[in-house]
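Notes for the one structure printed next.
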Amino acid sequence: MTRKPKNIFVEGPISSEKIAQSIQNHSAKTNIGAHSIFLGQVRADEKEGSVVSAIEYTAYEEMALLKAFEIREAIFEKYELTCMHIYHSLGEVKTGEICLFVFTSSKHREMAIDACEELVERIKNELPVWGKELLENQGEKWKVNT
Amino acid sequence: MTRKPKNIFVEGPISSEKIAQSIQNHSAKTNIGAHSIFLGQVRADEKEGSVVSAIEYTAYEEMALLKAFEIREAIFEKYELTCMHIYHSLGEVKTGEICLFVFTSSKHREMAIDACEELVERIKNELPVWGKELLENQGEKWKVNT
Amino acid sequence: MEKLTVKAFGIIAEKLPEQEFYFPQQQDTEELLNSLYDEYPDLRNMDFSLAVNQQLIQQNTRLRGNEEIALLPPFSGG
Amino acid sequence: MEKLTVKAFGIIAEKLPEQEFYFPQQQDTEELLNSLYDEYPDLRNMDFSLAVNQQLIQQNTRLRGNEEIALLPPFSGG
C-alpha cells in the first residue's frame, strides 16, 4: 500500500470536537492500546508592551505537505504505529485556541509516546509554516520558535 | 495553596466527550502553550484460544488516591506545569474503549511531554489497580503489565 | 481487643474465602505472613506485596495494633 | 524564455514589493542570491533559506530552467 501526501491544514483553530471525533474514530481499531496526543495552544505572551491576542499562520503549502509526508513516512518506518495524524491551523487562531494537533496510536505506549514527541519536534523544525503574533495594541510581531 | 487528593476514578469507560470537555476547559488558561495527552485503550488481544472482549478494573481505592496524590505532587515539583489531570476507569471497559486519560499542560512543550510520559509510567507501576481480562469464550485472565 | 483488618485484591482475593476479614493482631509483618501462610496455604505460591495502613512496605515492619493490611498482587492498571 | 518563479514567505514577503514574482533565469543559486541582493538590498540583513522546487537546499545548486524558488525565513509553526 502506498501512502499519498494528505492535507494537514485546517482553516482557523482546531476544535475540541474535532479532537474528540478523531479519538472516537479509533475505537474500531481494537489492536490499539495507546494513544499519544500533542496539542499546541496559542499563548497570551507579553510582547513589546502589549499582549498577544492571536497568531496568524501562513505556510508554503505545497512544500509543507511534501515535507509532512516525508516526515510521516520516516516515523512510520521507525516506530510500530497503527495510526498517525497531523493537523496544523492556517489563518487566525486566538489565544487559548488550539493550532496544532498531533496524534499517534500504537499497540504499546512507548512507541506511541516516542513517535508523538519526535513528530512534534520535526513539525516545529521542518515545516515551512510561519506565525505572526497579533498584539492587543494592533501591533504585529513575527513569531520566533525557540 | 495546599492541594488535596482528588478522585481519579471513573465508573466504566472514559468518553471522548469527557476528553473534549477537559481540553475545552483549558482555553481560558492563556499561559498554556502545550498539552500532552496519553490515552490507554483496551486491546482485543488473543488469550488462551480466545479474544479479550473487555477488562474489568478494580482498585484499592483509598491507597490509589493517596498514591496518585503523592505522584502528582512529585511531578508538579519536578516540572513546570500549569495543570495535570489523571482519570482511570473502574469496572468494565470494552475493547476499543478508553480506560486511562492522563493530561498535562505547560507553557512549553518539553515540560508537558516529559511530565506526561513520567506520569503514565508511574501510574502503571505504582497505582494499586488490577485489570481482569474478560474473554469472548467467557474465560477470564488477570492482566499482567509488561 | 486489637485485631488486623486484612483486604485482598485481584487474583489474591479469588484465592481467599473473603476479600476482607479480621485477623488476630500480630507482632510484625513477618509473623503475619507466616500466620497467613498457615491459614491459607494457596498464598505460598503467589506473588504479592503488603501494604500497612495504605503504605507499601519493603521489609519486615512492626505492627502496633489495629492496622489495615492489604495483600496486593502485581499492579496491572492502565 | 526561461524564468524563475520566486515566492517569499513570512517576514521576507513583507520586505519585498510582491510575494510572488518572476525573475530572470540564473545559472545557480549563488548567482540568484547575488542578483536578489542587488535588486532588494533589504534582503542582505535577513535570515532565510532557499528552496528549489520545494526542496530546501544547503549549498550552491545549479539551476536548469523555470525553477520555483522560495525564500524561507526561520520556520515558526506550532
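The way I read the labels, and the way they are meant: chains A, B, ... in the order of the C-alpha cells, residue 1 as the first residue of every chain, and ligand 1 as the first ligand shown, with later ones counted on from there.
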
Notebook entry, point to check: Quick one: residues within 7 Å of Ala8 in chain C, only C-alpha atoms counted, chain neighbours fewer than 4 positions away excluded, as number ranges by chain?
Noted result: C: 12-13, 19-20, 70-72

I need the residues from that last selection saved to file as an mmCIF file, in the first residue's frame (with N, CA, C and O atoms), if you can.
data_model
loop_
_atom_site.group_PDB
_atom_site.id
_atom_site.type_symbol
_atom_site.label_atom_id
_atom_site.label_comp_id
_atom_site.auth_asym_id
_atom_site.auth_seq_id
_atom_site.Cartn_x
_atom_site.Cartn_y
_atom_site.Cartn_z
ATOM 1 N N ILE C 12 -5.460 -12.472 44.271
ATOM 2 C CA ILE C 12 -5.358 -12.929 45.663
ATOM 3 C C ILE C 12 -6.753 -13.043 46.284
ATOM 4 O O ILE C 12 -7.053 -14.003 46.996
ATOM 5 N N ALA C 13 -7.585 -12.054 45.980
ATOM 6 C CA ALA C 13 -8.946 -12.064 46.539
ATOM 7 C C ALA C 13 -9.692 -13.327 46.120
ATOM 8 O O ALA C 13 -10.508 -13.858 46.877
ATOM 9 N N GLN C 19 -12.854 -11.343 50.717
ATOM 10 C CA GLN C 19 -11.982 -10.270 50.250
ATOM 11 C C GLN C 19 -11.513 -9.366 51.387
ATOM 12 O O GLN C 19 -10.542 -8.649 51.266
ATOM 13 N N GLU C 20 -12.300 -9.382 52.468
ATOM 14 C CA GLU C 20 -11.951 -8.529 53.600
ATOM 15 C C GLU C 20 -12.341 -9.276 54.862
ATOM 16 O O GLU C 20 -13.458 -9.786 54.959
ATOM 17 N N ALA C 70 -3.087 -4.867 53.508
ATOM 18 C CA ALA C 70 -3.592 -5.213 52.175
ATOM 19 C C ALA C 70 -2.629 -6.166 51.480
ATOM 20 O O ALA C 70 -1.412 -5.979 51.535
ATOM 21 N N LEU C 71 -3.189 -7.180 50.833
ATOM 22 C CA LEU C 71 -2.402 -8.149 50.060
ATOM 23 C C LEU C 71 -2.557 -7.769 48.585
ATOM 24 O O LEU C 71 -3.661 -7.861 48.034
ATOM 25 N N LEU C 72 -1.452 -7.326 47.985
ATOM 26 C CA LEU C 72 -1.515 -6.697 46.664
ATOM 27 C C LEU C 72 -0.724 -7.490 45.625
ATOM 28 O O LEU C 72 0.506 -7.451 45.617
#

Do you know which residues are at most 10 Å from Ser49 in chain D counting only C-alpha atoms, after dropping those on the same chain fewer than 3 positions away, and could you put them as a PDB file with C-alpha atoms, in the first residue's frame?
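Result written to out21.pdb:
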ATOM      1  CA  MET D  46      17.756  38.940   6.708  1.00  0.00           C
ATOM      2  CA  LEU D  56      15.400  23.023   0.897  1.00  0.00           C
ATOM      3  CA  ILE D  57      18.975  23.463  -0.344  1.00  0.00           C
ATOM      4  CA  GLN D  58      22.054  23.590   1.857  1.00  0.00           C
ATOM      5  CA  ALA D  70      11.172  30.058  -2.266  1.00  0.00           C
ATOM      6  CA  LEU D  71      12.681  32.476   0.236  1.00  0.00           C
ATOM      7  CA  LEU D  72      12.008  30.978   3.654  1.00  0.00           C
ATOM      8  CA  PRO D  73      12.643  32.795   6.930  1.00  0.00           C
ATOM      9  CA  PRO D  74      13.090  30.581  10.029  1.00  0.00           C
ATOM     10  CA  PHE D  75      10.005  28.412  10.490  1.00  0.00           C
TER      11      PHE D  75
END

Next item on the list: May I have the residues within 12 Å of Arg44 in chain D as a list in words, using only C-alpha atoms and disregarding those fewer than 4 positions away in the same chain?
Entry: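 Skipping anything fewer than 4 positions along the chain leaves Ile12, Lys15, Leu33, Asn34, Ser35, Leu36, Tyr37, Asp38, Glu39, Tyr40 and Phe48 of chain D.
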
Sorted by chain and rising residue number, list the residues of chain A at most 12 Å from chain C (counting only C-alpha atoms), each with its closest atom pair and distance in Å to one decimal, as CSV.
residue,atom,partner,partner_atom,distance
A:Gly33,CA,C:Gly78,CA,9.5
A:Ala34,CA,C:Gly78,CA,9.6
A:His108,CA,C:Gly78,CA,11.2
A:Arg109,CA,C:Gly78,CA,10.2

Write the residues you've just listed into a file as an mmCIF file, in the first residue's frame, and include N, CA, C and O atoms for each of them.
data_model
loop_
_atom_site.group_PDB
_atom_site.id
_atom_site.type_symbol
_atom_site.label_atom_id
_atom_site.label_comp_id
_atom_site.auth_asym_id
_atom_site.auth_seq_id
_atom_site.Cartn_x
_atom_site.Cartn_y
_atom_site.Cartn_z
ATOM 1 N N GLY A 33 -3.520 0.016 21.744
ATOM 2 C CA GLY A 33 -3.521 0.020 23.203
ATOM 3 C C GLY A 33 -3.191 1.376 23.789
ATOM 4 O O GLY A 33 -3.432 1.628 24.966
ATOM 5 N N ALA A 34 -2.625 2.265 22.952
ATOM 6 C CA ALA A 34 -2.139 3.542 23.485
ATOM 7 C C ALA A 34 -2.221 4.638 22.434
ATOM 8 O O ALA A 34 -1.848 4.429 21.282
ATOM 9 N N HIS A 108 1.530 -0.507 21.959
ATOM 10 C CA HIS A 108 2.095 -0.238 23.279
ATOM 11 C C HIS A 108 2.464 1.238 23.451
ATOM 12 O O HIS A 108 2.754 1.931 22.490
ATOM 13 N N ARG A 109 2.512 1.651 24.701
ATOM 14 C CA ARG A 109 2.662 3.070 24.975
ATOM 15 C C ARG A 109 3.993 3.672 24.525
ATOM 16 O O ARG A 109 4.022 4.809 24.039
#

Note to self: So that I can see what lies close to Phe21 in chain D, please list as an MDAnalysis selection string the residues with an atom at most 8 Å from it, counting only C-alpha atoms and leaving out residues fewer than 5 positions away in the same chain.
What the structure shows: chainID D and resid 5:7

Next item on the list: Just the strand (DSSP E or B) stuff from chain D, please, per backbone DSSP, written as a list in words.
Entry: Lys3, Leu4, Thr5, Val6, Lys7, Ala8, Glu20, Phe21, Tyr22, Phe23, Pro24, Asp28, Ser49, Leu50, Ala51, Val52, Gln55, Leu56, Arg62, Glu68, Ile69, Ala70, Leu71 and Leu72 of chain D

Next item on the list: Write out as a list in words which residues come within 7 Å of Gln26 in chain C when counting only C-alpha atoms, dropping same-chain ones fewer than 3 positions away.
Entry: Glu31, Leu32 and Leu63 of chain C

Next item on the list: Find the residues of chain A in contact range of chain B, meaning any atom within 7 Å when counting only C-alpha atoms, and list them as a ChimeraX atom specification.
Entry: /A:16-17,19-20,23-24,27-44,95-97

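The space separating CA of Ala68 in chain B from CA of Glu92 in chain B comes to 21.2 Å.
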
Item checked: Expected answer as a ChimeraX atom specification: alpha helix (DSSP H) residues in range 67-105 of chain A -> /A:67-78

Those same residues - N, CA, C and O atoms - I'd like them written as a PDB file, in the first residue's frame.
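The file below, result-v4.pdb, is the result:
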ATOM      1  N   LYS A  67       6.768  17.836   2.791  1.00  0.00           N
ATOM      2  CA  LYS A  67       7.627  17.615   3.956  1.00  0.00           C
ATOM      3  C   LYS A  67       6.897  16.792   5.020  1.00  0.00           C
ATOM      4  O   LYS A  67       7.477  15.880   5.619  1.00  0.00           O
ATOM      5  N   ALA A  68       5.641  17.106   5.249  1.00  0.00           N
ATOM      6  CA  ALA A  68       4.854  16.361   6.236  1.00  0.00           C
ATOM      7  C   ALA A  68       4.760  14.888   5.819  1.00  0.00           C
ATOM      8  O   ALA A  68       4.844  13.983   6.659  1.00  0.00           O
ATOM      9  N   PHE A  69       4.625  14.666   4.531  1.00  0.00           N
ATOM     10  CA  PHE A  69       4.546  13.298   4.017  1.00  0.00           C
ATOM     11  C   PHE A  69       5.853  12.560   4.264  1.00  0.00           C
ATOM     12  O   PHE A  69       5.872  11.411   4.725  1.00  0.00           O
ATOM     13  N   GLU A  70       6.964  13.262   3.972  1.00  0.00           N
ATOM     14  CA  GLU A  70       8.293  12.679   4.177  1.00  0.00           C
ATOM     15  C   GLU A  70       8.502  12.335   5.667  1.00  0.00           C
ATOM     16  O   GLU A  70       9.014  11.260   6.004  1.00  0.00           O
ATOM     17  N   ILE A  71       8.081  13.240   6.548  1.00  0.00           N
ATOM     18  CA  ILE A  71       8.224  13.007   7.998  1.00  0.00           C
ATOM     19  C   ILE A  71       7.354  11.820   8.420  1.00  0.00           C
ATOM     20  O   ILE A  71       7.798  10.929   9.153  1.00  0.00           O
ATOM     21  N   ARG A  72       6.103  11.790   7.955  1.00  0.00           N
ATOM     22  CA  ARG A  72       5.193  10.671   8.246  1.00  0.00           C
ATOM     23  C   ARG A  72       5.826   9.335   7.875  1.00  0.00           C
ATOM     24  O   ARG A  72       5.815   8.389   8.661  1.00  0.00           O
ATOM     25  N   GLU A  73       6.363   9.284   6.661  1.00  0.00           N
ATOM     26  CA  GLU A  73       6.952   8.019   6.191  1.00  0.00           C
ATOM     27  C   GLU A  73       8.108   7.603   7.087  1.00  0.00           C
ATOM     28  O   GLU A  73       8.248   6.423   7.428  1.00  0.00           O
ATOM     29  N   ALA A  74       8.948   8.573   7.456  1.00  0.00           N
ATOM     30  CA  ALA A  74      10.109   8.262   8.292  1.00  0.00           C
ATOM     31  C   ALA A  74       9.676   7.774   9.674  1.00  0.00           C
ATOM     32  O   ALA A  74      10.267   6.838  10.238  1.00  0.00           O
ATOM     33  N   ILE A  75       8.638   8.371  10.207  1.00  0.00           N
ATOM     34  CA  ILE A  75       8.168   7.988  11.553  1.00  0.00           C
ATOM     35  C   ILE A  75       7.484   6.614  11.500  1.00  0.00           C
ATOM     36  O   ILE A  75       7.677   5.780  12.393  1.00  0.00           O
ATOM     37  N   PHE A  76       6.720   6.380  10.449  1.00  0.00           N
ATOM     38  CA  PHE A  76       6.100   5.050  10.282  1.00  0.00           C
ATOM     39  C   PHE A  76       7.166   3.961  10.146  1.00  0.00           C
ATOM     40  O   PHE A  76       6.990   2.831  10.605  1.00  0.00           O
ATOM     41  N   GLU A  77       8.276   4.333   9.499  1.00  0.00           N
ATOM     42  CA  GLU A  77       9.386   3.404   9.309  1.00  0.00           C
ATOM     43  C   GLU A  77      10.060   3.082  10.647  1.00  0.00           C
ATOM     44  O   GLU A  77      10.444   1.951  10.908  1.00  0.00           O
ATOM     45  N   LYS A  78      10.188   4.118  11.471  1.00  0.00           N
ATOM     46  CA  LYS A  78      10.978   3.996  12.699  1.00  0.00           C
ATOM     47  C   LYS A  78      10.204   3.370  13.859  1.00  0.00           C
ATOM     48  O   LYS A  78      10.790   2.687  14.694  1.00  0.00           O
TER      49      LYS A  78
END

Check: So how many Å separate CA of Gly77 in chain D and CA of Ser50 in chain A, to one decimal?
Finding: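 According to the coordinates, CA of Gly77 in chain D and CA of Ser50 in chain A are separated by 21.5 Å.
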
Notebook entry, point to check: What does the distance between CA of Glu126 in chain B and CA of Glu61 in chain B come to in Å, to one decimal place?
Noted result: 12.7 Å

If we count only C-alpha atoms, what is near Asn7 in chain B at a cut-off of 12 Å, once residues fewer than 2 positions away on the same chain are taken out, given as a compact mmCIF listing (two decimals) with N, CA, C and O atoms, in the first residue's frame?
# COMPACT_ATOMS: atom_id res chain seq x y z
N LYS B 4 -5.26 18.87 47.69
CA LYS B 4 -5.79 17.70 48.38
C LYS B 4 -5.97 16.56 47.39
O LYS B 4 -6.16 16.81 46.20
N PRO B 5 -5.91 15.29 47.89
CA PRO B 5 -6.16 14.17 46.99
C PRO B 5 -7.51 14.37 46.33
O PRO B 5 -8.48 14.74 46.97
N PHE B 9 -10.93 8.18 39.81
CA PHE B 9 -11.64 7.03 39.25
C PHE B 9 -12.96 7.42 38.59
O PHE B 9 -13.68 8.29 39.06
N VAL B 10 -13.20 6.76 37.47
CA VAL B 10 -14.39 6.97 36.67
C VAL B 10 -15.04 5.60 36.53
O VAL B 10 -14.36 4.62 36.26
N GLU B 11 -16.35 5.51 36.72
CA GLU B 11 -17.04 4.22 36.56
C GLU B 11 -17.22 3.94 35.07
O GLU B 11 -17.81 4.74 34.35
N GLU B 61 -8.91 1.54 46.45
CA GLU B 61 -9.15 2.94 46.13
C GLU B 61 -8.47 3.95 47.06
O GLU B 61 -7.85 4.90 46.59
N GLU B 62 -8.60 3.73 48.37
CA GLU B 62 -8.03 4.71 49.30
C GLU B 62 -6.52 4.83 49.09
O GLU B 62 -5.97 5.93 49.05
N MET B 63 -5.85 3.68 48.93
CA MET B 63 -4.40 3.71 48.73
C MET B 63 -4.07 4.32 47.36
O MET B 63 -3.11 5.09 47.23
N ALA B 64 -4.86 3.99 46.34
CA ALA B 64 -4.59 4.50 45.00
C ALA B 64 -4.70 6.03 44.96
O ALA B 64 -3.89 6.71 44.32
N LEU B 65 -5.69 6.57 45.69
CA LEU B 65 -5.85 8.04 45.68
C LEU B 65 -4.70 8.71 46.42
O LEU B 65 -4.20 9.76 46.00
N LEU B 66 -4.25 8.09 47.52
CA LEU B 66 -3.10 8.63 48.25
C LEU B 66 -1.85 8.60 47.36
O LEU B 66 -1.08 9.57 47.29
N LYS B 67 -1.68 7.48 46.66
CA LYS B 67 -0.50 7.31 45.81
C LYS B 67 -0.56 8.29 44.62
O LYS B 67 0.46 8.90 44.27
N ALA B 68 -1.73 8.43 44.03
CA ALA B 68 -1.89 9.35 42.90
C ALA B 68 -1.56 10.78 43.34
O ALA B 68 -0.93 11.54 42.61
N PHE B 69 -1.97 11.10 44.56
CA PHE B 69 -1.69 12.44 45.10
C PHE B 69 -0.18 12.64 45.27
O PHE B 69 0.37 13.68 44.89
N HIS B 85 -4.06 16.27 34.98
CA HIS B 85 -5.29 15.52 35.26
C HIS B 85 -5.05 14.04 35.02
O HIS B 85 -4.38 13.67 34.05
N ILE B 86 -5.59 13.22 35.90
CA ILE B 86 -5.49 11.76 35.79
C ILE B 86 -6.89 11.17 35.95
O ILE B 86 -7.57 11.48 36.93
N TYR B 87 -7.30 10.35 34.99
CA TYR B 87 -8.56 9.61 35.13
C TYR B 87 -8.31 8.15 34.78
O TYR B 87 -7.70 7.85 33.75
N HIS B 88 -8.78 7.26 35.65
CA HIS B 88 -8.65 5.82 35.41
C HIS B 88 -10.02 5.18 35.60
O HIS B 88 -10.73 5.49 36.53
N SER B 89 -10.34 4.25 34.71
CA SER B 89 -11.64 3.57 34.81
C SER B 89 -11.65 2.54 35.93
O SER B 89 -10.63 1.92 36.24
N LEU B 90 -12.82 2.32 36.49
CA LEU B 90 -13.11 1.15 37.33
C LEU B 90 -14.27 0.42 36.68
O LEU B 90 -15.04 1.01 35.92

Notebook entry, point to check: Which is closer to Tyr22 in chain C than all the others in C:Ile69, C:Gln55, C:Lys3, C:Asn60, using only C-alpha atoms?
Noted result: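 Using only C-alpha atoms, the shortest distance to Tyr22 in chain C belongs to C:Lys3.
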